[in-house]
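A.B. asks: For reference, the file query05.tsv (TSV, C-alpha atoms) is included below:
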```
chain	number	residue	atom	x	y	z
U	1	MET	CA	11.73	10.48	1.10
U	2	SER	CA	11.94	8.03	-1.78
U	3	LYS	CA	9.36	5.27	-1.80
U	4	ALA	CA	12.01	2.51	-1.86
U	5	LYS	CA	13.77	4.02	1.10
U	6	GLY	CA	10.58	4.36	3.12
U	7	SER	CA	9.85	0.74	2.32
U	8	ARG	CA	13.33	-0.38	3.47
U	9	ALA	CA	12.90	1.47	6.76
U	10	GLU	CA	9.50	-0.15	7.20
U	11	ARG	CA	10.91	-3.64	6.65
U	12	GLU	CA	13.74	-2.97	9.10
U	13	LEU	CA	11.21	-2.10	11.79
U	14	PHE	CA	9.01	-5.04	10.84
U	15	HIS	CA	11.87	-7.40	11.71
U	16	LYS	CA	12.81	-5.53	14.90
U	17	PHE	CA	9.29	-6.13	16.26
U	18	TRP	CA	9.27	-9.82	15.31
U	19	GLU	CA	12.62	-10.25	17.11
U	20	GLN	CA	11.00	-8.80	20.24
U	21	GLY	CA	8.16	-11.32	20.25
U	22	PHE	CA	5.55	-9.31	18.37
U	23	ALA	CA	3.57	-10.51	15.36
U	24	VAL	CA	3.57	-7.78	12.74
U	25	CYS	CA	1.31	-7.10	9.77
U	26	ARG	CA	2.67	-4.90	6.96
U	27	SER	CA	-0.21	-3.10	5.36
U	28	ALA	CA	-0.85	-3.52	1.65
U	29	GLY	CA	-1.35	0.24	1.67
U	30	SER	CA	-4.23	2.41	0.75
U	31	GLY	CA	-3.67	2.23	-2.99
U	32	SER	CA	-6.83	0.29	-3.70
U	33	THR	CA	-9.01	1.80	-1.01
U	34	THR	CA	-9.85	5.02	0.75
U	35	LYS	CA	-9.71	3.37	4.16
U	36	PRO	CA	-6.93	4.37	6.54
U	37	ALA	CA	-4.06	1.90	6.83
U	38	PRO	CA	-1.02	2.18	9.11
U	39	ASP	CA	2.30	0.97	7.68
U	40	LEU	CA	2.68	-1.62	10.44
U	41	LEU	CA	0.39	-3.21	13.00
U	42	ALA	CA	2.31	-5.00	15.76
U	43	GLY	CA	0.83	-7.00	18.63
U	44	ASP	CA	2.09	-9.35	21.33
U	45	GLY	CA	-1.13	-10.42	23.04
U	46	GLU	CA	-1.21	-7.40	25.35
U	47	LYS	CA	-0.17	-4.30	23.47
U	48	ILE	CA	-0.97	-3.24	19.92
U	49	PHE	CA	0.97	-0.58	18.06
U	50	ALA	CA	-0.43	0.98	14.86
U	51	ILE	CA	2.63	2.57	13.29
U	52	GLU	CA	3.24	5.09	10.54
U	53	CYS	CA	6.88	4.99	9.39
U	54	LYS	CA	8.85	7.99	8.20
U	55	SER	CA	12.37	8.13	6.86
U	56	ILE	CA	14.00	11.59	6.93
U	57	LYS	CA	17.25	12.60	5.25
U	58	GLY	CA	18.02	15.84	7.07
U	59	THR	CA	17.00	16.99	10.54
U	60	LYS	CA	13.41	18.01	9.85
U	61	LYS	CA	10.57	17.63	7.43
U	62	TYR	CA	6.96	18.66	7.04
U	63	PHE	CA	4.16	16.13	6.66
U	64	ASP	CA	0.47	16.30	5.94
U	65	VAL	CA	-1.53	16.42	9.18
U	66	ASN	CA	-4.17	14.26	7.53
U	67	GLU	CA	-1.82	11.26	7.77
U	68	ILE	CA	-2.03	11.52	11.56
U	69	VAL	CA	-5.79	11.94	11.48
U	70	GLN	CA	-6.01	8.73	9.44
U	71	LEU	CA	-3.60	6.90	11.74
U	72	ASN	CA	-5.62	7.91	14.80
U	73	LEU	CA	-8.86	6.89	13.14
U	74	PHE	CA	-7.51	3.43	12.38
U	75	ALA	CA	-5.93	2.98	15.81
U	76	ASN	CA	-9.01	4.12	17.73
U	77	THR	CA	-11.28	1.80	15.77
U	78	PHE	CA	-8.97	-1.21	15.94
U	79	GLY	CA	-8.06	-0.73	19.58
U	80	ALA	CA	-4.39	0.09	19.12
U	81	GLU	CA	-2.01	2.87	20.18
U	82	ALA	CA	-1.09	5.27	17.38
U	83	TRP	CA	2.66	5.78	17.02
U	84	LEU	CA	5.02	7.42	14.57
U	85	ALA	CA	8.34	5.73	13.87
U	86	ILE	CA	10.80	8.19	12.39
U	87	ARG	CA	14.16	7.16	11.01
U	88	PHE	CA	16.69	9.97	10.67
U	89	ASP	CA	19.58	9.21	8.32
U	90	LYS	CA	22.84	8.44	10.17
U	91	VAL	CA	21.04	8.87	13.52
U	92	GLY	CA	18.46	6.12	13.75
U	93	TRP	CA	14.93	5.53	14.95
U	94	PHE	CA	12.74	7.61	17.20
U	95	PHE	CA	9.25	6.68	18.35
U	96	ILE	CA	6.53	9.03	19.48
U	97	GLN	CA	2.86	8.56	20.24
U	98	SER	CA	0.65	10.57	17.89
U	99	ASN	CA	-0.91	12.56	20.73
U	100	ASN	CA	2.54	13.72	21.82
U	101	LEU	CA	3.55	15.39	18.55
U	102	GLU	CA	4.62	19.00	18.18
U	103	LYS	CA	1.68	21.36	17.73
U	104	SER	CA	1.27	22.01	14.05
U	105	LYS	CA	0.01	25.01	12.11
U	106	GLY	CA	-2.70	24.32	9.56
U	107	GLU	CA	-2.27	21.33	7.31
U	108	SER	CA	1.43	20.79	7.97
U	109	LEU	CA	3.10	18.85	10.71
U	110	LEU	CA	6.78	19.34	11.52
U	111	LEU	CA	8.86	16.33	12.48
U	112	SER	CA	12.28	17.45	13.75
U	113	LEU	CA	15.27	15.64	15.17
U	114	GLU	CA	15.53	18.27	17.87
U	115	TYR	CA	12.00	17.58	19.14
U	116	MET	CA	12.44	13.80	18.89
U	117	ARG	CA	15.64	13.92	20.95
U	118	LYS	CA	13.59	15.60	23.69
U	119	LYS	CA	10.29	13.75	23.47
U	120	GLY	CA	10.90	10.56	21.48
U	121	PHE	CA	11.88	7.06	22.55
U	122	ASN	CA	14.34	4.73	20.89
U	123	PHE	CA	13.19	1.21	20.12
U	124	GLU	CA	14.60	-0.34	23.30
U	125	GLU	CA	12.89	2.33	25.39
U	126	LEU	CA	9.61	1.80	23.58
U	127	ILE	CA	9.65	-1.95	24.22
U	128	GLY	CA	11.45	-1.79	27.58
U	129	LYS	CA	9.17	0.84	29.06
U	130	TYR	CA	6.14	-1.25	28.33
U	131	ARG	CA	7.71	-4.59	29.36
U	132	GLN	CA	8.82	-3.02	32.64
U	133	LYS	CA	5.24	-1.94	33.34
U	134	LYS	CA	4.14	-5.49	32.62
U	135	LEU	CA	6.66	-6.93	35.11
U	136	LYS	CA	5.60	-4.47	37.80
U	137	GLY	CA	2.00	-5.50	37.18
U	138	HIS	CA	2.89	-9.17	37.66
U	139	ASN	CA	4.61	-8.46	40.97
U	140	ARG	CA	1.59	-6.88	42.54
V	1	MET	CA	-8.18	-20.18	-7.42
V	2	SER	CA	-6.76	-17.39	-9.56
V	3	LYS	CA	-4.75	-14.76	-7.74
V	4	ALA	CA	-6.95	-11.92	-9.00
V	5	LYS	CA	-10.06	-13.70	-7.82
V	6	GLY	CA	-8.63	-14.38	-4.38
V	7	SER	CA	-7.72	-10.73	-4.17
V	8	ARG	CA	-11.24	-9.63	-5.15
V	9	ALA	CA	-12.75	-11.87	-2.47
V	10	GLU	CA	-10.31	-10.44	0.06
V	11	ARG	CA	-11.26	-6.87	-0.79
V	12	GLU	CA	-14.96	-7.71	-0.56
V	13	LEU	CA	-14.46	-9.01	2.96
V	14	PHE	CA	-12.23	-6.04	3.85
V	15	HIS	CA	-15.16	-3.70	3.16
V	16	LYS	CA	-17.70	-5.91	4.95
V	17	PHE	CA	-15.69	-5.61	8.17
V	18	TRP	CA	-15.24	-1.83	7.86
V	19	GLU	CA	-19.01	-1.50	7.38
V	20	GLN	CA	-19.50	-3.37	10.66
V	21	GLY	CA	-17.31	-0.99	12.63
V	22	PHE	CA	-14.03	-2.85	12.42
V	23	ALA	CA	-10.70	-1.38	11.32
V	24	VAL	CA	-9.05	-3.78	8.90
V	25	CYS	CA	-5.47	-4.18	7.77
V	26	ARG	CA	-4.83	-5.97	4.44
V	27	SER	CA	-1.49	-7.68	4.65
V	28	ALA	CA	1.19	-6.84	2.09
V	29	GLY	CA	1.71	-10.61	1.96
V	30	SER	CA	4.66	-12.78	2.65
V	31	GLY	CA	6.40	-12.15	-0.66
V	32	SER	CA	9.25	-10.19	0.85
V	33	THR	CA	9.54	-12.08	4.12
V	34	THR	CA	9.35	-15.53	5.63
V	35	LYS	CA	7.17	-14.33	8.48
V	36	PRO	CA	3.55	-15.50	8.63
V	37	ALA	CA	0.96	-12.97	7.48
V	38	PRO	CA	-2.82	-13.40	7.49
V	39	ASP	CA	-4.71	-11.90	4.55
V	40	LEU	CA	-6.75	-9.65	6.84
V	41	LEU	CA	-6.47	-8.47	10.41
V	42	ALA	CA	-9.69	-6.94	11.73
V	43	GLY	CA	-10.24	-5.36	15.13
V	44	ASP	CA	-12.94	-3.30	16.83
V	45	GLY	CA	-11.38	-2.59	20.22
V	46	GLU	CA	-12.57	-5.85	21.75
V	47	LYS	CA	-12.19	-8.66	19.28
V	48	ILE	CA	-9.41	-9.30	16.77
V	49	PHE	CA	-9.79	-11.65	13.82
V	50	ALA	CA	-6.72	-12.88	11.89
V	51	ILE	CA	-8.21	-14.15	8.64
V	52	GLU	CA	-7.00	-16.28	5.77
V	53	CYS	CA	-9.28	-15.91	2.74
V	54	LYS	CA	-10.06	-18.67	0.28
V	55	SER	CA	-12.12	-18.51	-2.88
V	56	ILE	CA	-13.34	-21.88	-4.18
V	57	LYS	CA	-14.93	-22.56	-7.56
V	58	GLY	CA	-16.52	-25.98	-6.93
V	59	THR	CA	-17.66	-27.58	-3.69
V	60	LYS	CA	-14.31	-28.65	-2.27
V	61	LYS	CA	-10.61	-28.08	-2.50
V	62	TYR	CA	-7.40	-29.18	-0.81
V	63	PHE	CA	-5.02	-26.74	0.82
V	64	ASP	CA	-1.59	-26.97	2.38
V	65	VAL	CA	-1.89	-27.55	6.14
V	66	ASN	CA	1.13	-25.32	6.62
V	67	GLU	CA	-1.02	-22.28	5.80
V	68	ILE	CA	-3.08	-23.00	8.92
V	69	VAL	CA	0.04	-23.55	11.01
V	70	GLN	CA	1.28	-20.12	9.91
V	71	LEU	CA	-2.09	-18.50	10.54
V	72	ASN	CA	-2.21	-19.95	14.06
V	73	LEU	CA	1.36	-18.85	14.76
V	74	PHE	CA	0.55	-15.28	13.76
V	75	ALA	CA	-2.75	-15.20	15.64
V	76	ASN	CA	-1.34	-16.67	18.86
V	77	THR	CA	1.56	-14.22	18.87
V	78	PHE	CA	-0.53	-11.17	18.02
V	79	GLY	CA	-3.37	-12.04	20.36
V	80	ALA	CA	-6.05	-12.67	17.74
V	81	GLU	CA	-8.49	-15.43	16.86
V	82	ALA	CA	-7.49	-17.46	13.79
V	83	TRP	CA	-10.30	-17.78	11.24
V	84	LEU	CA	-10.71	-19.01	7.69
V	85	ALA	CA	-13.05	-17.13	5.39
V	86	ILE	CA	-14.08	-19.30	2.47
V	87	ARG	CA	-16.04	-17.99	-0.45
V	88	PHE	CA	-17.78	-20.64	-2.56
V	89	ASP	CA	-18.75	-19.47	-6.05
V	90	LYS	CA	-22.51	-18.82	-6.38
V	91	VAL	CA	-23.02	-19.72	-2.71
V	92	GLY	CA	-21.16	-17.12	-0.66
V	93	TRP	CA	-19.02	-16.80	2.42
V	94	PHE	CA	-18.48	-19.25	5.26
V	95	PHE	CA	-16.38	-18.58	8.34
V	96	ILE	CA	-14.74	-21.15	10.55
V	97	GLN	CA	-12.23	-20.92	13.37
V	98	SER	CA	-8.98	-22.71	12.54
V	99	ASN	CA	-9.31	-25.10	15.50
V	100	ASN	CA	-12.68	-26.25	14.21
V	101	LEU	CA	-11.52	-27.47	10.80
V	102	GLU	CA	-12.04	-30.96	9.44
V	103	LYS	CA	-9.29	-33.36	10.51
V	104	SER	CA	-6.79	-33.58	7.71
V	105	LYS	CA	-4.51	-36.36	6.52
V	106	GLY	CA	-0.85	-35.49	6.16
V	107	GLU	CA	0.01	-32.22	4.47
V	108	SER	CA	-3.40	-31.61	2.90
V	109	LEU	CA	-6.42	-29.97	4.36
V	110	LEU	CA	-9.85	-30.40	2.80
V	111	LEU	CA	-12.23	-27.46	2.71
V	112	SER	CA	-15.69	-28.58	1.60
V	113	LEU	CA	-19.02	-26.84	1.19
V	114	GLU	CA	-20.69	-29.80	2.90
V	115	TYR	CA	-18.61	-29.39	6.06
V	116	MET	CA	-18.97	-25.59	6.05
V	117	ARG	CA	-22.76	-25.85	5.83
V	118	LYS	CA	-22.64	-27.92	9.01
V	119	LYS	CA	-19.91	-26.16	10.98
V	120	GLY	CA	-19.38	-22.75	9.43
V	121	PHE	CA	-20.94	-19.35	10.11
V	122	ASN	CA	-22.06	-16.76	7.62
V	123	PHE	CA	-20.82	-13.20	8.09
V	124	GLU	CA	-23.88	-12.01	9.99
V	125	GLU	CA	-23.63	-14.96	12.37
V	126	LEU	CA	-19.93	-14.35	12.89
V	127	ILE	CA	-20.47	-10.71	13.83
V	128	GLY	CA	-23.89	-11.20	15.42
V	129	LYS	CA	-22.80	-14.05	17.64
V	130	TYR	CA	-20.03	-12.02	19.07
V	131	ARG	CA	-22.02	-8.79	19.37
V	132	GLN	CA	-24.78	-10.70	21.16
V	133	LYS	CA	-22.28	-12.03	23.69
V	134	LYS	CA	-21.11	-8.47	24.21
V	135	LEU	CA	-24.66	-7.27	24.88
V	136	LYS	CA	-25.28	-10.09	27.33
V	137	GLY	CA	-22.08	-9.13	29.11
V	138	HIS	CA	-23.25	-5.54	29.41
V	139	ASN	CA	-26.60	-6.56	30.91
V	140	ARG	CA	-25.04	-8.50	33.74
```
Could you show the structure in this file as structure tokens?
C.D. replies:
Amino acid sequence: MSKAKGSRAERELFHKFWEQGFAVCRSAGSGSTTKPAPDLLAGDGEKIFAIECKSIKGTKKYFDVNEIVQLNLFANTFGAEAWLAIRFDKVGWFFIQSNNLEKSKGESLLLSLEYMRKKGFNFEELIGKYRQKKLKGHNR
Amino acid sequence: MSKAKGSRAERELFHKFWEQGFAVCRSAGSGSTTKPAPDLLAGDGEKIFAIECKSIKGTKKYFDVNEIVQLNLFANTFGAEAWLAIRFDKVGWFFIQSNNLEKSKGESLLLSLEYMRKKGFNFEELIGKYRQKKLKGHNR
């Protein structure tokens, strides 16, 4: 994934969350620090998503497991849910919680379109699922 | 305030929060977007601070009120407390919640060392005050 492309995908998602009533912080990145930093941190007063964005050209790609370790570390400390947002070219976005990823071997983590079609959410499902829960809660 | 200096102050604070058990996100800034973005967003699973950092050379300086409006907008949407962190040269840091600032006239907001000495907290007080509340809560 090119850096510019990853950045475009990230900005696209940034705006999607704002449109849905979330405030979103784009991280300045970990260039100047060794501290973990998710690409996006989105909150709406009830839910907080710490999100690592990935843009994939084909149908699968390997990533460094350490990225997930760092994402989880940040999310657990901050008090957020750790999610991956994966954008497949010509297909679109899939969202998956970091604890629901495919088991990986060693240092590599496989992200595949096939697995995301089975286990991932699209953006509307991600937001809708949670908003629905909220509504049910209010009706109690 | 020079940009480099503001950035140094921001990084200093970034590390202070991590040392105190917070996860901190440094915002990529609002350069590429019109959405509000605090300099830092720090959370520890209970409390979330949305922070605008200021570095001041003398004992007072005027700022654009709109910066506070934007900070409040972000904080209210995200579900965070809106705070200003002001670093006075040769004196140090003061922290003040945005709703506790000096009344301003028109578009300008005055940040003064005199006012901060009366109404502001230092970092230890900011963290300590809140941690103490937490402990009291646990003892109930």
A.B. asks: To one decimal place, how far is CA of Phe17 (chain U) from CA of Phe74 (chain U) in Å?
C.D. replies: 19.7 Å
A.B. asks: Give me, as a CSV table (one decimal) with C-alpha atoms, keeping the file's coordinate frame, the residues of chain V touching chain U, with the criterion being at most 12 Å (counting all atoms listed in the file).
C.D. replies:
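The file below, iface.csv, is the result:
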```
chain,number,residue,atom,x,y,z
V,7,SER,CA,-7.7,-10.7,-4.2
V,8,ARG,CA,-11.2,-9.6,-5.2
V,10,GLU,CA,-10.3,-10.4,0.1
V,11,ARG,CA,-11.3,-6.9,-0.8
V,12,GLU,CA,-15.0,-7.7,-0.6
V,14,PHE,CA,-12.2,-6.0,3.8
V,15,HIS,CA,-15.2,-3.7,3.2
V,17,PHE,CA,-15.7,-5.6,8.2
V,18,TRP,CA,-15.2,-1.8,7.9
V,19,GLU,CA,-19.0,-1.5,7.4
V,20,GLN,CA,-19.5,-3.4,10.7
V,21,GLY,CA,-17.3,-1.0,12.6
V,22,PHE,CA,-14.0,-2.8,12.4
V,23,ALA,CA,-10.7,-1.4,11.3
V,24,VAL,CA,-9.0,-3.8,8.9
V,25,CYS,CA,-5.5,-4.2,7.8
V,26,ARG,CA,-4.8,-6.0,4.4
V,27,SER,CA,-1.5,-7.7,4.6
V,28,ALA,CA,1.2,-6.8,2.1
V,29,GLY,CA,1.7,-10.6,2.0
V,30,SER,CA,4.7,-12.8,2.6
V,31,GLY,CA,6.4,-12.2,-0.7
V,32,SER,CA,9.2,-10.2,0.8
V,33,THR,CA,9.5,-12.1,4.1
V,34,THR,CA,9.4,-15.5,5.6
V,35,LYS,CA,7.2,-14.3,8.5
V,36,PRO,CA,3.6,-15.5,8.6
V,37,ALA,CA,1.0,-13.0,7.5
V,38,PRO,CA,-2.8,-13.4,7.5
V,39,ASP,CA,-4.7,-11.9,4.6
V,40,LEU,CA,-6.8,-9.6,6.8
V,41,LEU,CA,-6.5,-8.5,10.4
V,42,ALA,CA,-9.7,-6.9,11.7
V,43,GLY,CA,-10.2,-5.4,15.1
V,44,ASP,CA,-12.9,-3.3,16.8
V,45,GLY,CA,-11.4,-2.6,20.2
V,46,GLU,CA,-12.6,-5.8,21.8
V,47,LYS,CA,-12.2,-8.7,19.3
V,48,ILE,CA,-9.4,-9.3,16.8
V,49,PHE,CA,-9.8,-11.6,13.8
V,50,ALA,CA,-6.7,-12.9,11.9
V,51,ILE,CA,-8.2,-14.2,8.6
V,70,GLN,CA,1.3,-20.1,9.9
V,71,LEU,CA,-2.1,-18.5,10.5
V,72,ASN,CA,-2.2,-20.0,14.1
V,73,LEU,CA,1.4,-18.8,14.8
V,74,PHE,CA,0.6,-15.3,13.8
V,75,ALA,CA,-2.8,-15.2,15.6
V,76,ASN,CA,-1.3,-16.7,18.9
V,77,THR,CA,1.6,-14.2,18.9
V,78,PHE,CA,-0.5,-11.2,18.0
V,79,GLY,CA,-3.4,-12.0,20.4
V,80,ALA,CA,-6.0,-12.7,17.7
V,81,GLU,CA,-8.5,-15.4,16.9
```
A.B. asks: Need the shell around Phe63 (chain U): protein/DNA/RNA residues with any atom at most 8 Å away, counting all atoms listed in the file. Skip same-chain ones fewer than 3 positions apart. Format as a JSON list (two decimals) with C-alpha atoms, in the frame of the given file?
C.D. replies:
```json
[["chain", "number", "residue", "atom", "x", "y", "z"],
["U", 67, "GLU", "CA", -1.82, 11.26, 7.77],
["U", 108, "SER", "CA", 1.43, 20.79, 7.97],
["U", 109, "LEU", "CA", 3.10, 18.85, 10.71],
["U", 110, "LEU", "CA", 6.78, 19.34, 11.52],
["U", 111, "LEU", "CA", 8.86, 16.33, 12.48]]
```
A.B. asks: Measure the distance from CA of Tyr115 (chain V) to CA of Asn100 (chain V) in Å and round it to one decimal.
C.D. replies: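 That distance, rounded to one decimal, is 10.6 Å.
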A.B. asks: Give me the residues near Lys118 (chain V) as an NGL selection string, where near means some atom within 12 Å (using all atoms listed in the file) and where sequence neighbours in that chain fewer than 2 positions away do not count.
C.D. replies: :V and (94-96 or 100-102 or 112-116 or 120-122)
A.B. asks: Do you have the CA of Leu13 (chain V)-CA of Gln97 (chain V) distance handy?
C.D. replies: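 Atom-to-atom, CA of Leu13 (chain V) and CA of Gln97 (chain V) are spaced 16.0 Å apart.
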A.B. asks: With only C-alpha atoms as the atoms that count, which of U:Arg117, U:Lys16, U:Cys53, U:Val69 lies nearest to Asn99 (chain U)?
C.D. replies: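 Looking at the shortest contact to Asn99 (chain U), the residue is U:Val69.
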A.B. asks: Starting from the point (-8.5, -15.7, -4.3), work out which residues of protein, DNA or RNA have an atom no more than 10 Å away when counting all atoms listed in the file; state them as a list in words.
C.D. replies: Met1, Ser2, Lys3, Ala4, Lys5, Gly6, Ser7, Arg8, Ala9, Glu10, Arg11, Cys53, Lys54, Ser55, Ile56, Lys57, Ile86 and Arg87 of chain V
A.B. asks: Within 6 Å of (2.9, -28.4, 8.0), all atoms listed in the file: residues as JSON, numbers by chain?
C.D. replies: {"V": [65, 66, 107]}
A.B. asks: Please produce a file of the residues just selected, as a PDB file, in the frame of the given file, where the atoms kept are C-alpha atoms.
C.D. replies:
```
ATOM      1  CA  VAL V  65      -1.890 -27.550   6.140  1.00  0.00           C
ATOM      2  CA  ASN V  66       1.130 -25.320   6.620  1.00  0.00           C
ATOM      3  CA  GLU V 107       0.010 -32.220   4.470  1.00  0.00           C
TER       4      GLU V 107
END
```
